[in-house]
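Asks: For reference, the structure I am asking about is given below.
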Amino acid sequence: MSSNIKRRIVVISGPSGVGKGSINSVLRKDKHLSLEYSVSMTTREPRNGEIDGVHYFFVTNEEFESAIANHELIEHAQFVGNYYGTPRKYVEQQLQNGKNVILEIEVDGATQVIKNEKDVLSIFLMPPTLQELANRLQGRQSETPEVIKQRLDKALLEVPLKHTYQYVVENDTVENAVAKITDILEKENAAQSDGPTVFDRLKVMMGNLVENNYMFFVENWEMNVKILRDNGVITTEEFNDFDAKEKMINILTARLYHRVLAHGEFSDLLDRDFVENQVQRLMFKINFFSIEQKFEE
Ligand SMILES: Nc1nc2c(ncn2[C@@H]2O[C@H](COP(=O)(O)OP(=O)(O)O)[C@@H](O)[C@H]2O)c(=O)[nH]1
Ligand SMILES: Nc1ncnc2c1ncn2[C@@H]1O[C@H](COP(=O)(O)OP(=O)(O)O)[C@@H](O)[C@H]1O
């Protein structure tokens, strides 16, 4: 394992039926990602084809409640009438074995993990539309119509919480979503990349774009920030630390990367015309009169 690799707890959440299981089963086949899947404990009944100890540890309410009492779970939550929880021992073992551990858990549990565990990488999966989510849930034929309705209602409560995750990834196709999540893991040094990541290549392209097309705005921004320093709005140290060109490149790269993760074809990030066109719009979101940047989507 090279020195800069940092193994992580990878929390992947998203509404029931969005495609978490489908995506995770593809990700886990990619050995270079070193992903181990945390098998959760649940009181839900097994679905057709689900195997105890593989898909879940299927337990009774009493067994689950004693696991809580014995502090055997990293987190737990109730979801549409059943308990779900992550056994601590396996996660800690896998991290010690130099593996990343995927926790496929709902939002309440994810909030506990993000709060209590260190170095968590959190990803929220979104469907292209709510109708598509309903189609997938119905298409899976794993729940009764009543439970499907309950799960769709729960989805309407979970989707607004997606911005509490570091990354929001749309599952339009499993292939596109897997490409995005693979790049995130490599970008976050949770997995070895055998060359520059898409994020790295986008940042180089963005640097060329800013140098060739936007230096007028960089210089203008530097002058405005100098006025802030002269008027005592910012300190000399803040002024000296401010590099408008680097800040613009970083802002534009991060915003475009996150925008395409949430809705778009991942390979477009390497298409110069696409990037140039998107940057023209993103430039309007930069506040050239401040060093703090607050983006509203
Ligand atoms: N908090 C928590 N949620 C879990 C755990 N395991 C599964 N879940 C979540 O519980 C919800 C219901 O899971 P499941 O009944 O398998 O339905 P699915 O989402 O349609 O696959 C999903 O959002 C899962 O991500 C766990 O260990 N802890
Ligand atoms: N990108 C996708 N496009 C169309 N159908 C999908 C996609 N991803 C998953 N599905 C299907 O949607 C249903 C729910 O997927 P699943 O992985 O069980 O979701 P989750 O684990 O999030 O509940 C399954 O029938 C699966 O085959």
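Chain identifiers are assigned as A, B, and so on, following the order in which chains appear in the structure tokens; residues are numbered from 1 within each chain, and ligands are numbered from 1 in order of appearance.
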Would you kindly return, as an NGL selection string, each protein, DNA or RNA residue with an atom no farther than 8 Å from any atom of stretch 68-83 of chain A, considering only C-alpha atoms and excluding same-chain residues fewer than 6 positions away?
Replies: :A and (41-44 or 61 or 89 or 106 or 108-109 or 112-113 or 147 or 150-151 or 154)
Asks: Just write the chosen residues, N, CA and C atoms, as a tab-separated table (two decimals), in the first residue's frame.
Replies:
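part.tsv, written as the output of this step:
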chain	number	residue	atom	x	y	z
A	41	MET	N	-26.98	-5.71	10.57
A	41	MET	CA	-27.95	-6.50	11.33
A	41	MET	C	-29.33	-5.87	11.09
A	42	THR	N	-30.34	-6.71	10.90
A	42	THR	CA	-31.68	-6.15	10.73
A	42	THR	C	-32.74	-7.09	11.28
A	43	THR	N	-33.87	-6.50	11.63
A	43	THR	CA	-35.02	-7.32	12.06
A	43	THR	C	-35.98	-7.53	10.90
A	44	ARG	N	-35.65	-6.91	9.71
A	44	ARG	CA	-36.52	-7.10	8.53
A	44	ARG	C	-36.46	-8.57	8.13
A	61	ASN	N	-36.16	-8.87	17.25
A	61	ASN	CA	-36.11	-7.59	17.99
A	61	ASN	C	-35.28	-7.73	19.27
A	89	LYS	N	-17.37	-4.68	15.25
A	89	LYS	CA	-16.16	-5.52	15.21
A	89	LYS	C	-15.64	-5.69	13.78
A	106	GLU	N	-28.94	4.07	5.99
A	106	GLU	CA	-29.85	5.19	5.75
A	106	GLU	C	-29.35	6.43	6.50
A	108	ASP	N	-30.27	8.45	9.04
A	108	ASP	CA	-30.10	8.60	10.51
A	108	ASP	C	-28.81	7.93	10.97
A	109	GLY	N	-28.59	6.72	10.48
A	109	GLY	CA	-27.36	5.99	10.86
A	109	GLY	C	-26.13	6.70	10.33
A	112	GLN	N	-25.00	9.49	12.48
A	112	GLN	CA	-24.27	9.03	13.68
A	112	GLN	C	-22.82	8.71	13.32
A	113	VAL	N	-22.63	8.00	12.19
A	113	VAL	CA	-21.27	7.59	11.80
A	113	VAL	C	-20.42	8.81	11.48
A	147	VAL	N	-45.83	-1.16	1.49
A	147	VAL	CA	-44.45	-0.86	1.93
A	147	VAL	C	-43.77	0.03	0.90
A	150	GLN	N	-44.75	3.44	1.71
A	150	GLN	CA	-44.04	3.93	2.92
A	150	GLN	C	-42.60	4.31	2.58
A	151	ARG	N	-41.98	3.50	1.70
A	151	ARG	CA	-40.57	3.76	1.37
A	151	ARG	C	-40.41	4.99	0.49
A	154	LYS	N	-40.74	7.88	2.76
A	154	LYS	CA	-39.46	8.05	3.50
A	154	LYS	C	-38.44	8.72	2.58
Asks: Name all residues at most 7 Å from A:Asn100 (count only C-alpha atoms; drop same-chain ones fewer than 2 positions away) and give them as number ranges by chain.
Replies: A: 7-10, 34-36, 95, 98, 102
Asks: Would you list the contacts of stretch 55-58 of chain A as a PyMOL selection string, taking every protein, DNA or RNA residue within 12 Å and counting only C-alpha atoms, but skipping same-chain residues closer than 3 positions in sequence?
Replies: chain A and resi 21+24-25+37-52+61-64+67+82-87+104-105
Asks: Can you measure atom CA of A:Glu158 to atom 15 (O, counted along the ligand's line) of ligand 1 for me? One decimal in Å is fine.
Replies: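 About the pair atom CA of A:Glu158 and atom 15 (O, counted along the ligand's line) of ligand 1: they are 14.6 Å apart.
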Asks: Between A:Leu125, A:Val169, A:Val275, A:Ile12, single out the one closest to A:Ala155, counting only C-alpha atoms.
Replies: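 The answer is A:Leu125, which sits nearest to A:Ala155.
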Asks: May I have the residues within 9 Å of ligand 2, computed using only C-alpha atoms and all ligand atoms, as an NGL selection string?
Replies: :A and (13-25 or 104 or 125 or 127-128 or 132-133 or 135-142 or 170-177)
Asks: Pull C-alpha atoms from the residues just selected and write them as an mmCIF file, in the first residue's frame.
Replies:
data_model
loop_
_atom_site.group_PDB
_atom_site.id
_atom_site.type_symbol
_atom_site.label_atom_id
_atom_site.label_comp_id
_atom_site.auth_asym_id
_atom_site.auth_seq_id
_atom_site.Cartn_x
_atom_site.Cartn_y
_atom_site.Cartn_z
ATOM 1 C CA SER A 13 -26.882 6.235 1.432
ATOM 2 C CA GLY A 14 -29.855 6.902 -0.756
ATOM 3 C CA PRO A 15 -33.578 6.257 -0.997
ATOM 4 C CA SER A 16 -34.821 2.675 -1.030
ATOM 5 C CA GLY A 17 -34.687 1.438 -4.623
ATOM 6 C CA VAL A 18 -32.164 4.015 -5.876
ATOM 7 C CA GLY A 19 -29.593 1.334 -6.699
ATOM 8 C CA LYS A 20 -27.246 1.161 -3.668
ATOM 9 C CA GLY A 21 -27.032 -2.650 -3.748
ATOM 10 C CA SER A 22 -26.604 -2.790 -7.533
ATOM 11 C CA ILE A 23 -23.786 -0.233 -7.480
ATOM 12 C CA ASN A 24 -22.028 -1.710 -4.450
ATOM 13 C CA SER A 25 -22.010 -5.188 -6.000
ATOM 14 C CA GLU A 104 -24.762 0.985 2.981
ATOM 15 C CA LEU A 125 -27.063 8.356 -4.288
ATOM 16 C CA PRO A 127 -32.332 8.766 -8.751
ATOM 17 C CA PRO A 128 -32.729 10.789 -11.985
ATOM 18 C CA GLU A 132 -37.754 6.535 -11.916
ATOM 19 C CA LEU A 133 -37.295 5.738 -8.211
ATOM 20 C CA ASN A 135 -40.392 2.458 -11.174
ATOM 21 C CA ARG A 136 -37.268 0.799 -9.749
ATOM 22 C CA LEU A 137 -38.922 0.015 -6.422
ATOM 23 C CA GLN A 138 -41.959 -1.459 -8.165
ATOM 24 C CA GLY A 139 -39.762 -3.205 -10.737
ATOM 25 C CA ARG A 140 -37.736 -4.968 -8.029
ATOM 26 C CA GLN A 141 -40.940 -6.641 -6.806
ATOM 27 C CA SER A 142 -39.515 -7.037 -3.302
ATOM 28 C CA GLU A 170 -26.833 10.415 -9.541
ATOM 29 C CA ASN A 171 -27.506 6.789 -10.428
ATOM 30 C CA ASP A 172 -28.777 7.357 -13.983
ATOM 31 C CA THR A 173 -26.897 4.260 -15.127
ATOM 32 C CA VAL A 174 -24.932 1.907 -12.861
ATOM 33 C CA GLU A 175 -21.908 2.283 -15.164
ATOM 34 C CA ASN A 176 -21.857 6.104 -14.923
ATOM 35 C CA ALA A 177 -22.409 6.025 -11.146
#
Asks: List as an MDAnalysis selection string the protein and nucleic acid residues near A:Asp200, meaning an atom at most 10 Å away when only C-alpha atoms are counted, but skip any in the same chain fewer than 5 places from it.
Replies: chainID A and resid 183 187 195 205:206 253
Asks: Kindly save the residues from that selection, with N, CA, C and O atoms included, as a tab-separated table (two decimals), in the first residue's frame.
Replies:
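Contents of part-v5.tsv, freshly written:
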chain	number	residue	atom	x	y	z
A	183	ASP	N	-13.80	7.35	-9.13
A	183	ASP	CA	-12.93	8.52	-9.19
A	183	ASP	C	-12.89	9.23	-7.83
A	183	ASP	O	-11.83	9.69	-7.39
A	187	LYS	N	-9.61	10.00	-5.87
A	187	LYS	CA	-9.33	11.42	-5.57
A	187	LYS	C	-9.10	11.61	-4.07
A	187	LYS	O	-8.28	12.39	-3.62
A	195	GLY	N	-2.90	6.48	-12.38
A	195	GLY	CA	-2.64	7.65	-13.22
A	195	GLY	C	-3.47	8.80	-12.68
A	195	GLY	O	-4.14	8.65	-11.66
A	205	MET	N	-7.03	21.12	-16.91
A	205	MET	CA	-7.76	21.79	-18.01
A	205	MET	C	-8.27	23.16	-17.54
A	205	MET	O	-8.17	24.16	-18.24
A	206	MET	N	-8.75	23.19	-16.27
A	206	MET	CA	-9.29	24.44	-15.72
A	206	MET	C	-8.17	25.47	-15.60
A	206	MET	O	-8.36	26.65	-15.87
A	253	THR	N	-13.13	24.12	-10.51
A	253	THR	CA	-12.94	22.66	-10.64
A	253	THR	C	-13.89	21.91	-9.71
A	253	THR	O	-14.61	21.01	-10.14
Asks: List the spatial neighbours of A:Arg281 as a list of chain:residue names - criterion: any atom at most 12 Å away, only C-alpha atoms, same-chain residues fewer than 4 positions off excluded.
Replies: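 Near neighbours after the sequence-gap exclusion: A:Leu252, A:Arg255, A:Leu256, A:Phe274, A:Val275, A:Glu276, A:Asn277, A:Lys285, A:Ile286, A:Glu297.
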Asks: I need the residue nearest A:Glu186 from this list: A:Asn213, A:Thr144, A:Thr60, A:Asn4. Use only C-alpha atoms for the distance.
Replies: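 When distances to A:Glu186 are compared using only C-alpha atoms, the smallest one comes from A:Asn4.
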Asks: Which residue is closest to A:Asp241? Choose from A:Val279, A:Leu202, A:Val260, A:Val225 and count only C-alpha atoms.
Replies: A:Val225
Asks: Considering only C-alpha atoms and all ligand atoms, can you say which of A:Leu269, A:Val54, A:Ile249, A:Leu103 comes closest to ligand 1?
Replies: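 Closest residue, counting only C-alpha atoms and all ligand atoms: A:Leu103.
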Asks: How would you write, as a short mmCIF file (atom, residue, chain, number, x, y, z; two decimals) with N, CA, C and O atoms, in the first residue's frame, the set of residues in stretch 61-133 of chain A that DSSP gives as helix (DSSP H, G or I)?
Replies:
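What landed in states-v2.cif:
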data_model
loop_
_atom_site.label_atom_id
_atom_site.label_comp_id
_atom_site.auth_asym_id
_atom_site.auth_seq_id
_atom_site.Cartn_x
_atom_site.Cartn_y
_atom_site.Cartn_z
N ASN A 61 -36.16 -8.87 17.25
CA ASN A 61 -36.11 -7.59 17.99
C ASN A 61 -35.28 -7.73 19.27
O ASN A 61 -34.46 -6.88 19.59
N GLU A 62 -35.50 -8.84 19.99
CA GLU A 62 -34.79 -9.05 21.27
C GLU A 62 -33.29 -9.12 21.01
O GLU A 62 -32.49 -8.47 21.70
N GLU A 63 -32.89 -9.88 19.99
CA GLU A 63 -31.45 -10.01 19.70
C GLU A 63 -30.86 -8.65 19.32
O GLU A 63 -29.77 -8.27 19.72
N PHE A 64 -31.67 -7.86 18.55
CA PHE A 64 -31.16 -6.54 18.13
C PHE A 64 -31.00 -5.65 19.35
O PHE A 64 -29.95 -4.99 19.53
N GLU A 65 -32.02 -5.66 20.22
CA GLU A 65 -31.96 -4.77 21.38
C GLU A 65 -30.83 -5.15 22.34
O GLU A 65 -30.19 -4.29 22.93
N SER A 66 -30.48 -6.44 22.40
CA SER A 66 -29.35 -6.80 23.26
C SER A 66 -28.03 -6.38 22.60
O SER A 66 -27.10 -5.97 23.28
N ALA A 67 -27.98 -6.36 21.26
CA ALA A 67 -26.77 -5.86 20.57
C ALA A 67 -26.58 -4.37 20.87
O ALA A 67 -25.46 -3.90 21.10
N ILE A 68 -27.70 -3.65 20.94
CA ILE A 68 -27.60 -2.21 21.29
C ILE A 68 -27.08 -2.09 22.72
O ILE A 68 -26.12 -1.37 23.00
N ALA A 69 -27.70 -2.86 23.61
CA ALA A 69 -27.34 -2.78 25.05
C ALA A 69 -25.87 -3.15 25.27
O ALA A 69 -25.19 -2.57 26.11
N ARG A 88 -19.88 -3.33 14.99
CA ARG A 88 -18.61 -2.60 15.09
C ARG A 88 -17.39 -3.47 14.76
O ARG A 88 -16.51 -3.07 14.02
N LYS A 89 -17.37 -4.68 15.25
CA LYS A 89 -16.16 -5.52 15.21
C LYS A 89 -15.64 -5.69 13.78
O LYS A 89 -14.47 -5.43 13.49
N TYR A 90 -16.53 -6.02 12.88
CA TYR A 90 -16.11 -6.33 11.50
C TYR A 90 -15.50 -5.08 10.85
O TYR A 90 -14.46 -5.14 10.19
N VAL A 91 -16.12 -3.92 11.09
CA VAL A 91 -15.63 -2.67 10.47
C VAL A 91 -14.22 -2.39 10.94
O VAL A 91 -13.31 -2.14 10.14
N GLU A 92 -14.02 -2.48 12.25
CA GLU A 92 -12.69 -2.19 12.81
C GLU A 92 -11.65 -3.18 12.31
O GLU A 92 -10.54 -2.81 11.92
N GLN A 93 -12.05 -4.44 12.19
CA GLN A 93 -11.11 -5.47 11.70
C GLN A 93 -10.66 -5.15 10.27
O GLN A 93 -9.48 -5.15 9.94
N GLN A 94 -11.64 -4.81 9.42
CA GLN A 94 -11.32 -4.58 8.01
C GLN A 94 -10.43 -3.34 7.84
O GLN A 94 -9.50 -3.35 7.02
N LEU A 95 -10.71 -2.28 8.60
CA LEU A 95 -9.87 -1.08 8.51
C LEU A 95 -8.45 -1.43 8.94
O LEU A 95 -7.48 -1.03 8.28
N GLN A 96 -8.33 -2.25 10.01
CA GLN A 96 -6.99 -2.66 10.46
C GLN A 96 -6.31 -3.53 9.39
O GLN A 96 -5.09 -3.49 9.23
N VAL A 107 -30.08 7.51 6.30
CA VAL A 107 -29.57 8.83 6.70
C VAL A 107 -29.35 8.97 8.21
O VAL A 107 -28.33 9.52 8.64
N ASP A 108 -30.27 8.45 9.04
CA ASP A 108 -30.10 8.60 10.51
C ASP A 108 -28.81 7.93 10.97
O ASP A 108 -28.02 8.50 11.72
N GLY A 109 -28.59 6.72 10.48
CA GLY A 109 -27.36 5.99 10.86
C GLY A 109 -26.13 6.70 10.33
O GLY A 109 -25.12 6.83 11.02
N ALA A 110 -26.24 7.21 9.10
CA ALA A 110 -25.10 7.90 8.48
C ALA A 110 -24.71 9.12 9.30
O ALA A 110 -23.53 9.40 9.53
N THR A 111 -25.72 9.83 9.80
CA THR A 111 -25.45 11.02 10.62
C THR A 111 -24.65 10.65 11.86
O THR A 111 -23.69 11.33 12.24
N GLN A 112 -25.00 9.49 12.48
CA GLN A 112 -24.27 9.03 13.68
C GLN A 112 -22.82 8.71 13.32
O GLN A 112 -21.88 9.08 14.00
N VAL A 113 -22.63 8.00 12.19
CA VAL A 113 -21.27 7.59 11.80
C VAL A 113 -20.42 8.81 11.48
O VAL A 113 -19.29 8.94 11.94
N ILE A 114 -20.99 9.75 10.69
CA ILE A 114 -20.25 10.96 10.30
C ILE A 114 -19.85 11.75 11.55
O ILE A 114 -18.75 12.29 11.64
N LYS A 115 -20.72 11.72 12.56
CA LYS A 115 -20.46 12.48 13.80
C LYS A 115 -19.42 11.75 14.67
O LYS A 115 -18.51 12.37 15.22
N ASN A 116 -19.52 10.42 14.79
CA ASN A 116 -18.74 9.70 15.79
C ASN A 116 -17.46 9.05 15.27
O ASN A 116 -16.58 8.73 16.05
N LEU A 130 -38.07 11.18 -9.32
CA LEU A 130 -38.85 10.40 -8.34
C LEU A 130 -39.64 9.30 -9.04
O LEU A 130 -39.78 8.19 -8.51
N GLN A 131 -40.10 9.59 -10.26
CA GLN A 131 -40.85 8.58 -11.01
C GLN A 131 -39.96 7.36 -11.28
O GLN A 131 -40.36 6.21 -11.10
N GLU A 132 -38.70 7.64 -11.66
CA GLU A 132 -37.75 6.54 -11.92
C GLU A 132 -37.53 5.73 -10.63
O GLU A 132 -37.44 4.50 -10.66
N LEU A 133 -37.48 6.44 -9.50
CA LEU A 133 -37.29 5.74 -8.21
C LEU A 133 -38.49 4.81 -7.96
O LEU A 133 -38.33 3.63 -7.64
#
Asks: Rank A:Lys6, A:Lys118, A:Glu292, A:Val159 by their smallest atom-to-atom distance to ligand 1, using only C-alpha atoms and all ligand atoms, and report the top residue only.
Replies: A:Val159
Asks: Which residue, A:Pro145, A:Pro196, A:Gly207, A:Gly53, has the smallest gap to A:Lys247 when you use only C-alpha atoms?
Replies: A:Gly207
Asks: Taking the backbone alone, and naming residues the way the document does, which bits of stretch 127-213 of chain A are strand (DSSP E) by DSSP, as number ranges by chain?
Replies: A: 167-170
Asks: Store the residues picked out above, limited to all heavy atoms, as a short mmCIF file (atom, residue, chain, number, x, y, z; two decimals), in the first residue's frame.
Replies:
data_model
loop_
_atom_site.label_atom_id
_atom_site.label_comp_id
_atom_site.auth_asym_id
_atom_site.auth_seq_id
_atom_site.Cartn_x
_atom_site.Cartn_y
_atom_site.Cartn_z
N TYR A 167 -20.48 14.03 -1.02
CA TYR A 167 -20.71 13.89 -2.46
C TYR A 167 -22.13 13.43 -2.73
O TYR A 167 -22.65 12.57 -2.01
CB TYR A 167 -19.74 12.87 -3.06
CG TYR A 167 -18.29 13.28 -2.99
CD1 TYR A 167 -17.49 12.88 -1.91
CD2 TYR A 167 -17.71 14.08 -3.96
CE1 TYR A 167 -16.16 13.28 -1.82
CE2 TYR A 167 -16.37 14.47 -3.88
CZ TYR A 167 -15.62 14.07 -2.81
OH TYR A 167 -14.30 14.47 -2.71
N VAL A 168 -22.77 13.99 -3.76
CA VAL A 168 -24.09 13.54 -4.22
C VAL A 168 -23.86 12.98 -5.63
O VAL A 168 -23.33 13.67 -6.51
CB VAL A 168 -25.09 14.72 -4.27
CG1 VAL A 168 -26.43 14.24 -4.84
CG2 VAL A 168 -25.28 15.30 -2.86
N VAL A 169 -24.23 11.71 -5.83
CA VAL A 169 -23.99 11.05 -7.12
C VAL A 169 -25.32 10.53 -7.67
O VAL A 169 -26.06 9.85 -6.97
CB VAL A 169 -23.00 9.88 -6.96
CG1 VAL A 169 -22.90 9.06 -8.25
CG2 VAL A 169 -21.61 10.39 -6.56
N GLU A 170 -25.59 10.88 -8.92
CA GLU A 170 -26.83 10.42 -9.54
C GLU A 170 -26.62 9.00 -10.10
O GLU A 170 -25.61 8.75 -10.77
CB GLU A 170 -27.23 11.36 -10.68
CG GLU A 170 -28.51 10.95 -11.40
CD GLU A 170 -28.78 11.85 -12.60
OE1 GLU A 170 -28.02 11.82 -13.58
OE2 GLU A 170 -29.78 12.61 -12.53
#
